[in-house]
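Here is the structure we will look at.
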Amino acid sequence: MIIGKISDNEKKIKFDADIHCTNCGKQVPGGIKAGEQYSKTNEFKIEFEEFLKKYLCGICRDKKRLEKN
Ligand SMILES: [Zn+2]
């Protein structure tokens with residue numbers, strides 16, 4: 001998963017984060033990637049935290065979508 005914008009020629013930094021679905025608690029494999037420049041900003045930290053707070057796995061996301069209909 002990529003957070004923020006990455007330029008074509010920019011180096012990507014990978015963050016190994018424990019990502020859990022906020023609904024069912026299931027752990028999602030894989031880390032987060034961000035552009036090298038963006039990863040150093042405060043904006044990134046905020047966005048990263050928000051991402052972890054709101055993250056839903058694919059199954060829960062589908063459920064949510066179905067409930068809305
Ligand atoms: Zn879930």
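Residue numbering restarts at 1 for every chain of the structure tokens, chains are lettered A, B, ... in their displayed order, and ligands are numbered from 1 as they appear.
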query: Do you know which residues are at most 7 Å from stretch 30-45 of chain A counting only C-alpha atoms, after dropping those on the same chain fewer than 5 positions away, and could you put them as a list in words?
result: Met1, Ile2, Ile3, Gly4, Lys5, Ile6, Glu10, Lys11, Lys12, Ile13, Lys14, Phe15, Asp16 and Ala17 of chain A
Selection within 12 Å of ligand 1 by only C-alpha atoms and all ligand atoms, output as a VMD selection string: chain A and resid 19 to 28 54 to 64
Please produce an output containing C-alpha atoms for each residue in the selection, written as a PDB file, in the first residue's frame.
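Final file, again.pdb:
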ATOM      1  CA  ILE A  19      -1.756  -3.264  10.046  1.00  0.00           C
ATOM      2  CA  HIS A  20      -4.929  -4.569  11.609  1.00  0.00           C
ATOM      3  CA  CYS A  21      -8.451  -4.259  10.373  1.00  0.00           C
ATOM      4  CA  THR A  22     -10.193  -1.841  12.733  1.00  0.00           C
ATOM      5  CA  ASN A  23     -13.378  -3.871  12.530  1.00  0.00           C
ATOM      6  CA  CYS A  24     -12.430  -7.546  12.852  1.00  0.00           C
ATOM      7  CA  GLY A  25      -8.849  -7.180  14.071  1.00  0.00           C
ATOM      8  CA  LYS A  26      -7.429  -9.357  11.331  1.00  0.00           C
ATOM      9  CA  GLN A  27      -3.790  -8.673  10.600  1.00  0.00           C
ATOM     10  CA  VAL A  28      -3.039  -7.611   7.085  1.00  0.00           C
ATOM     11  CA  LYS A  54      -9.384   3.690   9.719  1.00  0.00           C
ATOM     12  CA  TYR A  55      -8.071   0.634   7.964  1.00  0.00           C
ATOM     13  CA  LEU A  56     -10.573  -2.056   6.997  1.00  0.00           C
ATOM     14  CA  CYS A  57      -9.676  -5.385   5.424  1.00  0.00           C
ATOM     15  CA  GLY A  58     -11.271  -6.318   2.121  1.00  0.00           C
ATOM     16  CA  ILE A  59     -13.998  -8.412   3.732  1.00  0.00           C
ATOM     17  CA  CYS A  60     -15.114  -5.705   6.150  1.00  0.00           C
ATOM     18  CA  ARG A  61     -14.973  -3.105   3.421  1.00  0.00           C
ATOM     19  CA  ASP A  62     -17.309  -5.226   1.310  1.00  0.00           C
ATOM     20  CA  LYS A  63     -19.673  -5.709   4.247  1.00  0.00           C
ATOM     21  CA  LYS A  64     -19.770  -1.987   4.849  1.00  0.00           C
TER      22      LYS A  64
END
